[in-house]
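Q: Next comes entry06.cif, mmCIF, C-alpha atoms:
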```cif
data_model
#
loop_
_atom_site.label_atom_id
_atom_site.label_comp_id
_atom_site.auth_asym_id
_atom_site.auth_seq_id
_atom_site.Cartn_x
_atom_site.Cartn_y
_atom_site.Cartn_z
CA VAL A 1 -4.83 -18.29 22.05
CA PRO A 2 -8.06 -17.64 24.03
CA GLN A 3 -9.17 -20.44 26.35
CA VAL A 4 -12.45 -22.21 25.54
CA PRO A 5 -15.06 -21.54 28.23
CA PHE A 6 -16.21 -25.17 28.62
CA SER A 7 -14.85 -28.69 28.66
CA VAL A 8 -16.76 -31.92 29.32
CA GLN A 9 -14.98 -33.80 32.10
CA SER A 10 -17.26 -36.84 31.93
CA GLY A 11 -20.47 -38.01 30.27
CA PRO A 12 -21.96 -37.82 26.75
CA CYS A 13 -22.50 -34.02 26.59
CA THR A 14 -20.52 -32.27 23.86
CA VAL A 15 -18.84 -28.94 23.10
CA ASN A 16 -19.37 -27.59 19.59
CA THR A 17 -16.49 -27.17 17.15
CA ASP A 18 -16.15 -23.45 17.88
CA GLY A 19 -15.77 -24.22 21.59
CA ASP A 20 -18.32 -21.58 22.65
CA CYS A 21 -21.37 -23.86 23.18
CA VAL A 22 -22.01 -26.93 25.33
CA GLN A 23 -25.02 -29.16 24.75
CA SER A 24 -26.82 -32.33 25.76
CA SER A 25 -25.99 -35.55 23.95
CA TYR A 26 -27.28 -35.86 20.38
CA PHE A 27 -28.63 -32.29 20.48
CA PRO A 28 -31.01 -31.32 18.83
CA GLU A 29 -32.24 -34.89 18.32
CA GLY A 30 -32.85 -35.64 22.01
CA TYR A 31 -30.70 -36.81 24.93
CA GLY A 32 -30.63 -40.34 26.32
CA ALA A 33 -31.91 -41.85 29.57
CA ASN A 34 -29.80 -42.28 32.68
CA GLU A 35 -27.12 -39.76 31.66
CA GLU A 36 -24.76 -37.73 33.78
CA CYS A 37 -22.33 -35.04 32.58
CA ASP A 38 -19.70 -33.14 34.52
CA ILE A 39 -18.86 -29.90 32.64
CA GLU A 40 -16.02 -27.62 33.74
CA VAL A 41 -16.45 -23.86 33.33
CA HIS A 42 -12.88 -22.59 32.93
CA VAL A 43 -13.62 -18.89 33.21
CA PRO A 44 -16.75 -17.19 34.59
CA ALA A 45 -19.08 -16.99 31.57
CA THR A 46 -22.49 -15.37 31.06
CA LEU A 47 -24.70 -18.07 29.54
CA LEU A 48 -26.81 -17.52 26.47
CA LEU A 49 -29.69 -20.01 26.43
CA VAL A 50 -30.10 -21.22 22.84
CA ALA A 51 -32.48 -24.12 23.56
CA PHE A 52 -33.79 -25.81 26.68
CA GLN A 53 -36.42 -28.56 26.80
CA VAL A 54 -36.05 -31.36 29.36
CA GLU A 55 -38.47 -33.38 31.45
CA ALA A 56 -40.42 -31.00 33.68
CA ASP A 57 -40.91 -31.40 37.42
CA PRO A 58 -41.57 -28.78 40.15
CA THR A 59 -38.46 -29.91 42.06
CA CYS A 60 -36.43 -30.96 38.96
CA ALA A 61 -36.17 -34.42 40.54
CA TYR A 62 -35.93 -36.36 37.24
CA ASP A 63 -33.94 -34.55 34.54
CA SER A 64 -32.06 -31.38 35.49
CA LEU A 65 -29.21 -29.07 34.61
CA GLN A 66 -27.45 -27.60 37.62
CA VAL A 67 -25.64 -24.26 37.28
CA ASN A 68 -24.06 -22.49 40.26
CA GLY A 69 -25.84 -25.03 42.51
CA GLN A 70 -29.31 -24.20 41.08
CA SER A 71 -31.28 -26.89 39.19
CA PHE A 72 -33.19 -26.13 35.97
CA CYS A 73 -35.70 -28.33 34.15
CA GLY A 74 -38.77 -28.12 31.90
CA SER A 75 -38.40 -25.19 29.47
CA GLU A 76 -36.95 -22.63 31.88
CA GLY A 77 -33.17 -22.80 31.53
CA PRO A 78 -30.24 -20.80 32.92
CA ASP A 79 -30.38 -17.77 30.64
CA ASP A 80 -28.16 -14.73 31.29
CA ILE A 81 -26.55 -16.34 34.34
CA THR A 82 -22.81 -16.01 34.95
CA ALA A 83 -21.72 -19.60 35.41
CA GLN A 84 -18.59 -20.61 37.26
CA GLY A 85 -17.15 -23.83 38.59
CA LYS A 86 -19.12 -26.81 37.28
CA ILE A 87 -22.31 -27.46 35.32
CA ILE A 88 -23.94 -30.83 36.13
CA TRP A 89 -26.44 -32.59 33.87
CA THR A 90 -28.47 -35.66 34.90
CA SER A 91 -31.36 -37.55 33.32
CA ASP A 92 -33.37 -40.38 34.83
CA VAL A 93 -34.29 -43.72 33.33
CA SER A 94 -37.64 -42.78 31.81
CA ILE A 95 -38.92 -39.72 29.93
CA VAL A 96 -36.49 -37.81 27.63
CA ASP A 97 -36.86 -34.61 25.56
CA SER A 98 -35.03 -32.61 22.85
CA GLY A 99 -32.34 -31.33 25.23
CA TRP A 100 -30.46 -28.11 25.67
CA GLN A 101 -27.67 -25.93 24.36
CA LEU A 102 -25.84 -23.18 26.24
CA CYS A 103 -23.40 -20.75 24.63
CA VAL A 104 -21.34 -17.77 25.62
CA PRO A 105 -21.49 -14.59 23.52
CA ARG A 106 -18.62 -14.36 21.10
CA PRO A 107 -16.30 -11.43 21.62
CA PRO A 108 -16.68 -8.68 19.04
CA SER A 109 -14.38 -8.84 16.09
CA PRO A 110 -11.33 -6.62 16.42
CA PRO A 111 -11.78 -3.29 14.70
CA THR A 112 -10.60 -3.09 11.17
CA PRO A 113 -7.24 -1.36 11.13
CA PRO A 114 -7.35 2.02 9.46
CA SER A 115 -6.42 2.04 5.85
CA ALA A 116 -3.04 3.34 4.92
CA PRO A 117 -2.97 7.10 4.45
CA PRO A 118 -2.97 8.24 0.85
CA ALA A 119 0.38 8.64 -0.74
CA PRO A 120 1.67 12.20 -0.61
CA PRO A 121 1.35 14.09 -3.85
CA ALA A 122 4.27 13.87 -6.18
CA PRO A 123 6.65 16.80 -5.89
CA PRO A 124 6.25 19.37 -8.62
CA ALA A 125 8.40 18.89 -11.64
CA PRO A 126 11.53 21.01 -11.58
CA PRO A 127 11.31 24.06 -13.79
CA ALA A 128 12.44 23.53 -17.32
CA VAL A 129 15.98 24.58 -17.98
CA PRO A 130 15.78 27.63 -20.20
CA PRO A 131 17.42 27.15 -23.55
CA SER A 132 20.91 28.45 -23.87
CA PRO A 133 21.01 31.85 -25.52
CA PRO A 134 22.14 31.69 -29.11
CA GLN A 135 25.85 32.15 -29.52
CA PRO A 136 26.84 35.23 -31.47
CA PRO A 137 28.49 34.56 -34.83
CA PRO A 138 32.25 34.45 -34.56
CA PHE A 139 32.69 37.35 -36.95
CA SER A 140 31.06 40.63 -37.84
CA VAL A 141 32.16 43.15 -40.46
CA GLN A 142 32.56 46.50 -38.74
CA SER A 143 33.40 48.42 -41.94
CA GLY A 144 34.26 47.75 -45.56
CA PRO A 145 32.85 45.53 -48.32
CA CYS A 146 33.93 42.12 -46.87
CA THR A 147 31.01 39.77 -46.20
CA ILE A 148 29.91 37.04 -43.81
CA SER A 149 28.54 33.75 -45.24
CA ALA A 150 24.88 32.90 -44.82
CA ASP A 151 25.77 30.41 -42.04
CA GLY A 152 27.65 33.15 -40.18
CA ASP A 153 30.75 30.97 -39.79
CA CYS A 154 32.81 32.28 -42.67
CA VAL A 155 34.14 35.74 -43.50
CA GLN A 156 35.37 36.49 -46.99
CA SER A 157 36.74 39.15 -49.29
CA PRO A 158 34.26 41.16 -51.40
CA ASN A 159 32.75 39.27 -54.39
CA PHE A 160 34.38 35.94 -53.28
CA PRO A 161 34.94 33.64 -55.09
CA GLU A 162 35.21 36.31 -57.76
CA ARG A 163 38.14 38.77 -57.53
CA TYR A 164 38.11 41.44 -54.84
CA GLY A 165 38.30 45.11 -55.80
CA VAL A 166 41.03 47.70 -55.57
CA ASN A 167 41.63 50.16 -52.80
CA GLU A 168 39.50 48.24 -50.32
CA GLU A 169 39.71 48.17 -46.54
CA CYS A 170 37.67 46.01 -44.17
CA ILE A 171 37.61 45.79 -40.39
CA VAL A 172 36.29 42.41 -39.20
CA GLU A 173 35.53 41.91 -35.49
CA VAL A 174 36.32 38.47 -33.99
CA HIS A 175 33.84 38.06 -31.09
CA VAL A 176 35.31 34.93 -29.51
CA PRO A 177 38.78 33.42 -29.86
CA THR A 178 38.48 31.28 -32.94
CA ALA A 179 40.79 28.80 -34.65
CA LEU A 180 40.70 29.78 -38.31
CA LEU A 181 40.25 27.28 -41.14
CA VAL A 182 41.53 28.70 -44.43
CA ALA A 183 39.10 27.64 -47.16
CA ALA A 184 40.80 29.76 -49.86
CA PHE A 185 43.52 32.41 -49.88
CA GLN A 186 44.95 34.05 -53.00
CA VAL A 187 45.97 37.75 -52.89
CA GLU A 188 48.74 39.85 -54.50
CA ALA A 189 52.09 38.50 -53.35
CA ASP A 190 54.91 40.62 -51.89
CA PRO A 191 57.72 39.66 -49.46
CA THR A 192 56.60 42.33 -47.01
CA CYS A 193 52.88 42.16 -47.87
CA ALA A 194 53.13 45.86 -48.70
CA TYR A 195 50.35 45.81 -51.31
CA ASP A 196 47.41 43.52 -50.50
CA SER A 197 47.33 41.91 -47.05
CA LEU A 198 45.11 40.27 -44.41
CA GLN A 199 46.21 41.08 -40.89
CA VAL A 200 45.37 38.62 -38.09
CA ASN A 201 46.65 39.05 -34.55
CA GLY A 202 48.89 41.86 -35.85
CA GLN A 203 50.50 39.56 -38.41
CA SER A 204 50.10 40.30 -42.14
#
```
Would you mind writing the file out in structure tokens?
A:
Amino acid sequence: VPQVPFSVQSGPCTVNTDGDCVQSSYFPEGYGANEECDIEVHVPATLLLVAFQVEADPTCAYDSLQVNGQSFCGSEGPDDITAQGKIIWTSDVSIVDSGWQLCVPRPPSPPTPPSAPPAPPAPPAPPAVPPSPPQPPPFSVQSGPCTISADGDCVQSPNFPERYGVNEECIVEVHVPTALLVAAFQVEADPTCAYDSLQVNGQS
């Protein structure tokens, strides 16, 4: 916490609420008669003369403000003087005036901290996953009158569900290993399948 530049050790002089100005009693209404103030200057401070009007005298014999051992009175106060040690104020028993106020310049406000840097741009979206290539139908008829259903997932004898013809031969390619679901199967029967037969995996 910064130290205030002034403190009143004795007498009716006052320090303002901010602590950066010291002034005669009742300022700006006018000080009283027969006053004496002892003001301590805690750190060497360059004085800013805000107001100064006390009883005038060529030798400052009546009312005076003493800074660094020099007495000031009338309307010429200690402006732009670096005060140190003590400031002494005295007034006599007769004429009074509006008084005085001395301040020290306030230090500049600390610089405003820089604003936060802008957020980095969002990373680009990952490329879209290309759609999977369409799977080939499980069957294709390489030769003969057998047919594939419209959905491509069934292979059937010619004219199914009507009867197939005579003296027919079909070669059906199975593109991927496929578990077969028999939807219908009715051909000429024979113990050795010597007449009409469907051969799968070498088995008739």
Q: CA of Thr112 in chain A and CA of Pro44 in chain A, how far apart in Å?
A: 28.0 Å
Q: Output the residue selection produced by the PyMOL selection byres ((chain A and resi 15-18) around 10) on the file above, formatted as a list in words.
A: Val4, Pro5, Phe6, Ser7, Val8, Cys13, Thr14, Gly19, Asp20, Cys21, Val22, Gln23, Ser24, Ser25, Ile39, Gln101, Leu102, Cys103 and Arg106 of chain A
Q: Please provide as an MDAnalysis selection string all residues within 10 Å of Ser64 in chain A, with the sequence filter that same-chain residues fewer than 6 positions apart are discarded (counting only C-alpha atoms).
A: chainID A and resid 36 54:57 70:74 77 88:92
Q: Residues of the last selection are to be written out with C-alpha atoms, as a short mmCIF file (atom, residue, chain, number, x, y, z; two decimals), keeping the file's coordinate frame.
A:
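This went into again.cif:
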```
data_model
loop_
_atom_site.label_atom_id
_atom_site.label_comp_id
_atom_site.auth_asym_id
_atom_site.auth_seq_id
_atom_site.Cartn_x
_atom_site.Cartn_y
_atom_site.Cartn_z
CA GLU A 36 -24.76 -37.73 33.78
CA VAL A 54 -36.05 -31.36 29.36
CA GLU A 55 -38.47 -33.38 31.45
CA ALA A 56 -40.42 -31.00 33.68
CA ASP A 57 -40.91 -31.40 37.42
CA GLN A 70 -29.31 -24.20 41.08
CA SER A 71 -31.28 -26.89 39.19
CA PHE A 72 -33.19 -26.13 35.97
CA CYS A 73 -35.70 -28.33 34.15
CA GLY A 74 -38.77 -28.12 31.90
CA GLY A 77 -33.17 -22.80 31.53
CA ILE A 88 -23.94 -30.83 36.13
CA TRP A 89 -26.44 -32.59 33.87
CA THR A 90 -28.47 -35.66 34.90
CA SER A 91 -31.36 -37.55 33.32
CA ASP A 92 -33.37 -40.38 34.83
#
```
Q: If I take CA of Ala83 in chain A and CA of Pro12 in chain A, how far is one from the other in Å, to one decimal?
A: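 Calculated distance between CA of Ala83 in chain A and CA of Pro12 in chain A is 20.2 Å.
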Q: Hey, what's within 12 Å of Asn201 in chain A if we count all atoms listed in the file and toss same-chain stuff fewer than 3 positions away? As an MDAnalysis selection string, please?
A: chainID A and resid 172:174 177:180 198 204
Q: Run the PyMOL selection byres ((chain A and resi 52) around 6) against the file shown and list the residues it catches, as a short mmCIF file (atom, residue, chain, number, x, y, z; two decimals) with C-alpha atoms, in the frame of the given file.
A:
```cif
data_model
loop_
_atom_site.label_atom_id
_atom_site.label_comp_id
_atom_site.auth_asym_id
_atom_site.auth_seq_id
_atom_site.Cartn_x
_atom_site.Cartn_y
_atom_site.Cartn_z
CA ALA A 51 -32.48 -24.12 23.56
CA GLN A 53 -36.42 -28.56 26.80
CA SER A 75 -38.40 -25.19 29.47
CA GLY A 77 -33.17 -22.80 31.53
CA GLY A 99 -32.34 -31.33 25.23
CA TRP A 100 -30.46 -28.11 25.67
#
```
Q: Apply the PyMOL selection byres ((chain A and resi 142) around 12) to the file shown and report the selected residues as JSON, numbers by chain.
A: {"A": [139, 140, 141, 143, 144, 145, 146, 147, 148, 155, 169, 170, 171, 172, 173, 174, 175]}
Q: Calculate how many Å separate CA of Gly202 in chain A from CA of Pro136 in chain A, rounding to one decimal.
A: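 These two atoms are separated by 23.4 Å.
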Q: If we count all atoms listed in the file and set the cut-off at 12 Å, which residues sit around Glu188 in chain A, ignoring sequence neighbours fewer than 4 positions away in its own chain? Please answer as a PyMOL selection string.
A: chain A and resi 163-166+192-198
Q: Which residue out of A:Val93, A:His42, A:Pro78, A:Gln84 has the minimum interatomic distance to Asp63 in chain A when all atoms listed in the file are used?
A: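 When distances to Asp63 in chain A are compared using all atoms listed in the file, the smallest one comes from A:Val93.
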Q: Give me the residues near Glu162 in chain A as a list in words, where near means some atom within 12 Å (using all atoms listed in the file) and where sequence neighbours in that chain fewer than 4 positions away do not count.
A: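 Within the cut-off, the hits are Gln156, Ser157, Pro158, Ala184, Gln186 and Val187 of chain A.
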Q: Out of A:Pro58, A:Gly32, A:Pro126, A:Pro105, which residue has the shortest atom-to-atom distance to Glu76 in chain A when counting all atoms listed in the file?
A: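 Of A:Pro58, A:Gly32, A:Pro126, A:Pro105, the one nearest Glu76 in chain A is A:Pro58, counting all atoms listed in the file.
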Q: Pick out the closest residue to Val104 in chain A from this set: A:Gln135, A:Thr82, A:Thr46, A:Ser10. Count all atoms listed in the file.
A: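 Checking each candidate against Val104 in chain A, we get A:Thr46 as the closest.
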Q: Padding 8 Å on every side, please: axis-aligned box over the listed atoms of range 25-42 of chain A, centre and edge lengths to one decimal in Å, as JSON.
A:
```
{"center_x": -22.9, "center_y": -32.4, "center_z": 26.4, "size_x": 36.0, "size_y": 35.7, "size_z": 32.2}
```
Q: Between A:Val50, A:Tyr26, A:Lys86, A:Pro137, which one has atoms that come closest to Gly152 in chain A, using all atoms listed in the file?
A: A:Pro137
Q: Of the candidates A:Ala183, A:Leu49, A:Ala128, A:Glu40, which shows the shortest atom-to-atom distance to Asn68 in chain A, using all atoms listed in the file?
A: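 Of A:Ala183, A:Leu49, A:Ala128, A:Glu40, the one nearest Asn68 in chain A, counting all atoms listed in the file, is A:Glu40.
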Q: From the structure just shown, export range 22-160 of chain A with C-alpha atoms as a compact mmCIF listing (two decimals), in the first residue's frame.
A:
```txt
# COMPACT_ATOMS: atom_id res chain seq x y z
CA VAL A 22 -3.07 19.01 3.17
CA GLN A 23 -4.94 22.21 3.95
CA SER A 24 -5.58 24.92 6.51
CA SER A 25 -8.41 24.45 8.98
CA TYR A 26 -11.94 24.81 7.60
CA PHE A 27 -10.59 25.23 4.05
CA PRO A 28 -12.02 26.79 1.85
CA GLU A 29 -14.11 28.67 4.42
CA GLY A 30 -11.19 30.38 6.16
CA TYR A 31 -8.72 29.42 8.90
CA GLY A 32 -8.90 30.56 12.51
CA ALA A 33 -6.77 32.97 14.56
CA ASN A 34 -3.85 31.91 16.70
CA GLU A 35 -3.35 28.53 15.00
CA GLU A 36 -0.27 26.39 14.71
CA CYS A 37 0.10 23.15 12.72
CA ASP A 38 3.01 20.73 12.57
CA ILE A 39 2.76 18.68 9.34
CA GLU A 40 5.09 15.76 8.64
CA VAL A 41 6.20 15.14 5.05
CA HIS A 42 6.88 11.40 4.95
CA VAL A 43 8.53 11.26 1.55
CA PRO A 44 10.02 14.13 -0.48
CA ALA A 45 7.05 15.48 -2.46
CA THR A 46 6.76 18.14 -5.17
CA LEU A 47 3.96 20.46 -4.04
CA LEU A 48 1.11 21.51 -6.27
CA LEU A 49 -0.35 24.79 -5.03
CA VAL A 50 -4.14 24.54 -5.35
CA ALA A 51 -5.02 27.65 -3.31
CA PHE A 52 -3.10 30.10 -1.17
CA GLN A 53 -4.49 33.25 0.44
CA VAL A 54 -3.28 34.25 3.91
CA GLU A 55 -2.57 37.54 5.63
CA ALA A 56 0.13 39.37 3.68
CA ASP A 57 3.27 40.89 5.17
CA PRO A 58 6.70 41.59 3.60
CA THR A 59 8.41 39.45 6.27
CA CYS A 60 5.48 37.00 6.78
CA ALA A 61 5.54 38.00 10.45
CA TYR A 62 1.80 37.39 11.09
CA ASP A 63 0.39 34.39 9.20
CA SER A 64 2.82 32.12 7.36
CA LEU A 65 3.38 28.66 5.94
CA GLN A 66 6.95 27.45 6.27
CA VAL A 67 8.27 24.86 3.79
CA ASN A 68 11.91 23.73 3.78
CA GLY A 69 12.63 26.59 6.22
CA GLN A 70 11.18 29.26 3.87
CA SER A 71 8.10 31.26 4.94
CA PHE A 72 5.23 32.03 2.53
CA CYS A 73 2.33 34.43 3.02
CA GLY A 74 -0.05 36.67 1.06
CA SER A 75 -1.00 34.98 -2.24
CA GLU A 76 2.44 33.63 -3.19
CA GLY A 77 2.60 30.05 -1.93
CA PRO A 78 5.09 27.18 -2.26
CA ASP A 79 4.26 26.00 -5.76
CA ASP A 80 6.41 23.34 -7.49
CA ILE A 81 8.73 23.02 -4.49
CA THR A 82 9.96 19.61 -3.36
CA ALA A 83 9.06 19.58 0.31
CA GLN A 84 10.76 17.38 2.86
CA GLY A 85 10.85 17.16 6.63
CA LYS A 86 8.17 19.38 8.15
CA ILE A 87 5.68 22.00 7.01
CA ILE A 88 4.80 24.56 9.73
CA TRP A 89 1.68 26.73 9.68
CA THR A 90 1.05 29.65 12.08
CA SER A 91 -1.56 32.39 12.26
CA ASP A 92 -1.65 35.35 14.61
CA VAL A 93 -4.50 36.62 16.74
CA SER A 94 -5.97 39.14 14.29
CA ILE A 95 -6.59 39.10 10.53
CA VAL A 96 -7.54 35.77 8.85
CA ASP A 97 -8.14 34.80 5.19
CA SER A 98 -9.50 31.91 3.09
CA GLY A 99 -6.45 29.70 3.66
CA TRP A 100 -4.46 27.27 1.59
CA GLN A 101 -4.35 23.80 0.12
CA LEU A 102 -1.26 21.91 -1.06
CA CYS A 103 -1.38 18.63 -2.96
CA VAL A 104 1.04 16.24 -4.57
CA PRO A 105 0.42 15.06 -8.15
CA ARG A 106 -1.24 11.69 -8.26
CA PRO A 107 0.76 8.95 -9.91
CA PRO A 108 -0.50 7.97 -13.35
CA SER A 109 -2.88 5.09 -13.48
CA PRO A 110 -1.25 1.79 -14.33
CA PRO A 111 -1.50 0.95 -18.00
CA THR A 112 -4.43 -1.11 -19.02
CA PRO A 113 -3.27 -4.68 -19.47
CA PRO A 114 -3.41 -5.83 -23.06
CA SER A 115 -6.51 -7.65 -24.03
CA ALA A 116 -6.33 -11.36 -24.40
CA PRO A 117 -5.21 -12.46 -27.85
CA PRO A 118 -7.99 -13.67 -30.10
CA ALA A 119 -8.77 -17.31 -29.92
CA PRO A 120 -7.01 -19.34 -32.59
CA PRO A 121 -9.21 -20.34 -35.48
CA ALA A 122 -10.97 -23.63 -35.15
CA PRO A 123 -9.17 -26.49 -36.85
CA PRO A 124 -10.63 -27.44 -40.20
CA ALA A 125 -13.24 -30.12 -40.12
CA PRO A 126 -11.87 -33.55 -40.95
CA PRO A 127 -12.64 -34.65 -44.48
CA ALA A 128 -15.88 -36.49 -44.87
CA VAL A 129 -15.53 -40.23 -44.88
CA PRO A 130 -16.31 -41.36 -48.40
CA PRO A 131 -19.30 -43.65 -48.60
CA SER A 132 -18.54 -47.31 -48.72
CA PRO A 133 -18.62 -48.66 -52.26
CA PRO A 134 -21.76 -50.60 -53.00
CA GLN A 135 -21.41 -54.29 -52.34
CA PRO A 136 -21.76 -56.47 -55.40
CA PRO A 137 -24.82 -58.71 -55.45
CA PRO A 138 -24.09 -62.14 -54.03
CA PHE A 139 -24.99 -63.88 -57.28
CA SER A 140 -24.68 -63.38 -61.00
CA VAL A 141 -25.85 -65.69 -63.77
CA GLN A 142 -22.88 -66.43 -65.99
CA SER A 143 -24.86 -68.51 -68.52
CA GLY A 144 -28.26 -70.10 -68.91
CA PRO A 145 -31.86 -68.95 -68.37
CA CYS A 146 -31.79 -68.76 -64.52
CA THR A 147 -32.57 -65.29 -63.16
CA ILE A 148 -31.70 -62.98 -60.29
CA SER A 149 -34.53 -61.27 -58.34
CA ALA A 150 -35.03 -57.54 -58.63
CA ASP A 151 -33.41 -57.05 -55.19
CA GLY A 152 -30.35 -58.98 -56.34
CA ASP A 153 -30.44 -61.25 -53.28
CA CYS A 154 -32.20 -64.24 -54.76
CA VAL A 155 -31.34 -66.54 -57.67
CA GLN A 156 -34.00 -68.78 -59.14
CA SER A 157 -34.79 -71.30 -61.84
CA PRO A 158 -36.23 -70.02 -65.14
CA ASN A 159 -39.91 -68.92 -65.00
CA PHE A 160 -40.03 -69.35 -61.16
```
